[in-house]
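Novice: Got a structure for you, structure_31.txt, holding compact mmCIF, C-alpha atoms.
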# COMPACT_ATOMS: atom_id res chain seq x y z
CA MET H 9 -53.51 12.80 -16.15
CA ALA H 10 -55.79 15.73 -16.71
CA MET H 11 -54.04 18.85 -17.90
CA GLY H 12 -56.40 21.34 -16.33
CA LEU H 13 -57.41 23.03 -19.60
CA HIS H 14 -61.05 23.92 -19.86
CA SER H 15 -62.92 25.41 -22.76
CA SER H 16 -65.08 28.00 -21.09
CA GLY H 17 -66.45 30.33 -23.72
CA GLY H 18 -63.20 31.01 -25.54
CA ARG H 19 -61.37 32.21 -22.44
CA ARG H 20 -58.20 30.60 -21.22
CA GLY H 21 -57.74 30.20 -17.54
CA ARG H 22 -54.65 31.58 -15.78
CA ARG H 23 -53.44 33.53 -18.80
CA GLY H 24 -52.48 30.57 -20.95
CA ARG H 25 -50.06 28.89 -18.55
CA ARG H 26 -50.00 25.15 -18.17
CA ALA H 27 -49.95 23.36 -14.84
CA ALA H 28 -46.51 22.18 -13.71
CA MET H 29 -45.85 18.46 -14.02
CA ALA H 30 -45.21 16.89 -10.64
CA GLU H 31 -43.89 13.54 -11.90
CA ILE H 32 -40.42 12.11 -11.39
CA ASN H 33 -38.79 10.21 -14.23
CA VAL H 34 -37.71 6.95 -12.57
CA THR H 35 -36.27 5.27 -15.66
CA PRO H 36 -32.65 6.44 -15.03
CA LEU H 37 -32.96 5.39 -11.39
CA VAL H 38 -34.11 1.91 -12.40
CA ASP H 39 -31.26 1.64 -14.92
CA VAL H 40 -28.64 2.55 -12.32
CA MET H 41 -30.12 0.17 -9.75
CA LEU H 42 -30.09 -2.73 -12.24
CA VAL H 43 -26.44 -2.09 -13.09
CA LEU H 44 -25.56 -2.00 -9.38
CA LEU H 45 -27.48 -5.24 -8.83
CA ILE H 46 -25.54 -6.96 -11.62
CA ILE H 47 -22.21 -5.74 -10.24
CA PHE H 48 -23.17 -6.97 -6.77
CA MET H 49 -24.23 -10.38 -8.08
CA VAL H 50 -20.97 -10.84 -9.99
CA THR H 51 -18.70 -9.81 -7.13
CA VAL H 52 -20.50 -11.97 -4.58
CA THR H 53 -20.01 -15.11 -6.66
CA LEU H 54 -16.29 -14.58 -7.14
CA PRO H 55 -14.12 -17.04 -5.20
CA ALA H 56 -12.76 -15.90 -1.87
CA VAL H 57 -9.18 -16.80 -2.76
CA GLY H 58 -7.60 -15.22 -5.80
CA VAL H 59 -5.00 -17.92 -6.62
CA PRO H 60 -6.14 -19.59 -9.87
CA ILE H 61 -6.19 -23.34 -9.30
CA GLU H 62 -7.86 -26.18 -11.17
CA LEU H 63 -9.25 -28.22 -8.28
CA PRO H 64 -9.72 -31.99 -8.46
CA GLU H 65 -13.25 -33.39 -8.37
CA SER H 66 -14.81 -35.21 -5.44
CA ARG H 67 -18.23 -36.16 -4.06
CA ALA H 68 -17.25 -35.18 -0.51
CA ASN H 69 -19.64 -33.18 1.67
CA PRO H 70 -18.93 -29.44 1.92
CA VAL H 71 -17.03 -28.14 4.95
CA GLU H 72 -18.33 -25.22 6.99
CA GLU H 73 -16.32 -22.02 6.66
CA THR H 74 -15.17 -20.23 9.79
CA PRO H 75 -13.65 -16.76 10.08
CA SER H 76 -10.52 -18.07 11.80
CA GLN H 77 -9.54 -20.53 9.06
CA ILE H 78 -6.39 -20.09 6.98
CA THR H 79 -6.32 -20.90 3.27
CA ILE H 80 -3.14 -22.35 1.78
CA SER H 81 -3.01 -22.85 -1.99
CA ILE H 82 -0.57 -24.73 -4.21
CA ASP H 83 -0.77 -23.73 -7.87
CA GLY H 84 -0.04 -25.92 -10.88
CA GLU H 85 3.68 -25.09 -10.78
CA GLY H 86 4.03 -26.00 -7.10
CA ARG H 87 4.19 -22.44 -5.70
CA VAL H 88 2.66 -22.09 -2.24
CA TYR H 89 0.39 -19.20 -1.20
CA ILE H 90 -0.93 -18.34 2.25
CA GLU H 91 -4.24 -16.62 1.55
CA ASN H 92 -3.19 -14.57 -1.54
CA ASP H 93 0.44 -13.97 -0.52
CA PRO H 94 3.14 -16.06 -2.22
CA VAL H 95 5.60 -17.91 0.02
CA ALA H 96 9.28 -17.95 -0.92
CA VAL H 97 10.83 -21.28 -1.87
CA GLY H 98 11.86 -22.98 1.39
CA GLY H 99 10.11 -20.30 3.45
CA LEU H 100 6.97 -22.23 4.37
CA PRO H 101 8.10 -23.20 7.92
CA ASP H 102 8.91 -19.56 8.76
CA ALA H 103 5.65 -18.34 7.22
CA LEU H 104 3.65 -20.89 9.23
CA ALA H 105 5.41 -19.85 12.44
CA THR H 106 4.27 -16.24 11.96
CA LEU H 107 0.58 -17.07 11.45
CA ASP H 108 -1.91 -15.77 14.00
CA ARG H 109 -2.56 -18.59 16.42
CA SER H 110 -5.47 -16.78 18.14
CA GLY H 111 -5.37 -15.98 21.83
CA SER H 112 -7.21 -19.15 22.89
CA GLY H 113 -4.16 -21.31 22.13
CA GLU H 114 -6.19 -23.33 19.65
CA LEU H 115 -4.77 -23.48 16.14
CA PRO H 116 -7.10 -22.43 13.31
CA THR H 117 -8.32 -24.85 10.66
CA VAL H 118 -6.20 -24.92 7.51
CA ILE H 119 -7.99 -25.12 4.17
CA LEU H 120 -5.60 -26.66 1.62
CA ARG H 121 -6.29 -26.04 -2.07
CA GLY H 122 -4.10 -27.95 -4.50
CA ASP H 123 -4.11 -27.97 -8.29
CA ARG H 124 -5.24 -31.26 -9.84
CA GLY H 125 -2.06 -31.52 -11.95
CA LEU H 126 0.28 -31.45 -8.94
CA ASP H 127 2.58 -34.27 -7.95
CA TYR H 128 1.22 -36.07 -4.88
CA GLY H 129 4.63 -35.66 -3.22
CA ARG H 130 4.38 -31.85 -3.41
CA VAL H 131 1.02 -31.83 -1.64
CA MET H 132 2.30 -34.24 1.02
CA ALA H 133 5.40 -32.07 1.58
CA VAL H 134 3.18 -29.07 2.33
CA MET H 135 0.93 -31.17 4.57
CA GLY H 136 4.03 -32.47 6.38
CA GLU H 137 5.16 -28.90 7.09
CA LEU H 138 1.68 -28.06 8.35
CA GLY H 139 1.75 -31.03 10.72
CA ARG H 140 5.25 -30.15 11.87
CA ALA H 141 4.06 -26.60 12.66
CA GLY H 142 1.25 -28.04 14.81
CA PHE H 143 -1.68 -27.60 12.41
CA THR H 144 -3.61 -30.83 12.80
CA SER H 145 -7.01 -29.75 11.45
CA ILE H 146 -6.55 -29.66 7.66
CA SER H 147 -9.38 -29.68 5.12
CA LEU H 148 -8.72 -30.44 1.46
CA VAL H 149 -10.79 -28.45 -1.05
CA THR H 150 -12.21 -30.03 -4.21
CA ASP H 151 -14.76 -29.25 -6.89
CA GLY H 152 -18.09 -31.02 -6.68
CA SER H 153 -18.71 -34.02 -8.90
CA VAL H 154 -21.86 -35.93 -9.74
CA THR H 155 -20.35 -39.26 -10.77
CA ALA H 156 -18.54 -41.73 -8.57
CA PRO H 157 -14.89 -42.39 -9.46
Could you quickly redo this structure as structure tokens?
Specialist:
Amino acid sequence: MAMGLHSSGGRRGRRGRRAAMAEINVTPLVDVMLVLLIIFMVTVTLPAVGVPIELPESRANPVEETPSQITISIDGEGRVYIENDPVAVGGLPDALATLDRSGSGELPTVILRGDRGLDYGRVMAVMGELGRAGFTSISLVTDGSVTAP
């Protein structure tokens, strides 16, 4: 960028003042935008459900997510969660009865997440309560696997 200083016979133009710089320093803006981008990328990839579970592996095809679905999780110690809320021991039937059944009369799909170390009987007890409450569309969630069992 030219500074506007001319040597014209020993005289200085405009009484020795320099021209004002009309540039914006964008480096701090770029730094802030990169930090925001990293934060956004990390939060988007976090799982939707906050109950920490070690899922079993399977080669099953992924299931489409719908906004009306309900996620039920069973952790490694057998505690049941509806979305992120823990359910009291023996309180699953009452908790299922209070779930929003949507105005159309159709029950939402239940997404069941169970820890891989659980007893099969515990998972079947929860599925039995779901069936007894009228939830017939149940999807089991697993981690992806590349090798056949």
Novice: I'd like the interatomic distance between atom CA of H:Ile82 and atom CA of H:Ile61, to a tenth of an Å.
Specialist: 7.7 Å
Novice: Which is closest to H:Gly99 among H:Arg121, H:Leu42, H:Val134, H:Pro116, if we use only C-alpha atoms?
Specialist: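 Of the candidates, the smallest distance to H:Gly99 is held by H:Val134.
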Novice: Find the residue from H:Ile47, H:Ile119, H:Ile32, H:Val97 that sits nearest to H:Thr150; use all atoms listed in the file when measuring.
Specialist: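 So, comparing all the options, the nearest one is H:Ile119.
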Novice: Name the residues in contact with H:Gly139 at a cut-off of 12 Å, using all atoms listed in the file, excluding same-chain residues fewer than 5 positions from it; report them as an MDAnalysis selection string.
Specialist: chainID H and resid 101 104:105 115 117:118 132:134 144:146
Novice: Of the residues H:Val38, H:Leu126, H:Ala68, H:Ala103, which is the one nearest to H:Gly152, using only C-alpha atoms?
Specialist: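 Closest residue, counting only C-alpha atoms: H:Ala68.
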Novice: One decimal, Å: what's the distance from atom CA of H:Asp102 over to atom CA of H:Tyr89, could you say?
Specialist: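 Computing it gives 13.1 Å between the two atoms.
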Novice: So which one's closest to H:Pro64, H:Val131, H:Ile80, H:Ser153, H:Glu85? Using all atoms listed in the file, please.
Specialist: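 For H:Pro64, the nearest of the candidates is H:Ser153.
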Novice: May I ask for the distance between atom CA of H:Asn33 and atom CA of H:Thr51, given in Å to one decimal place?
Specialist: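 Taking atom CA of H:Asn33 as the start and atom CA of H:Thr51 as the end point, the length is 29.2 Å.
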Novice: What would the list of residues within 12 Å of (-1.5, -25.1, -1.8) (file frame) look like as a PyMOL selection string, if all atoms listed in the file are what count?
Specialist: chain H and resi 57+59-63+78-95+100+118-124+126-128+130-135+137-138+146-149
Novice: Restricting the calculation to all atoms listed in the file: of H:Gln77, H:Arg25, H:Phe48, H:Glu72, which residue gets closest to H:Glu114?
Specialist: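 Closest to H:Glu114, using all atoms listed in the file: H:Gln77.
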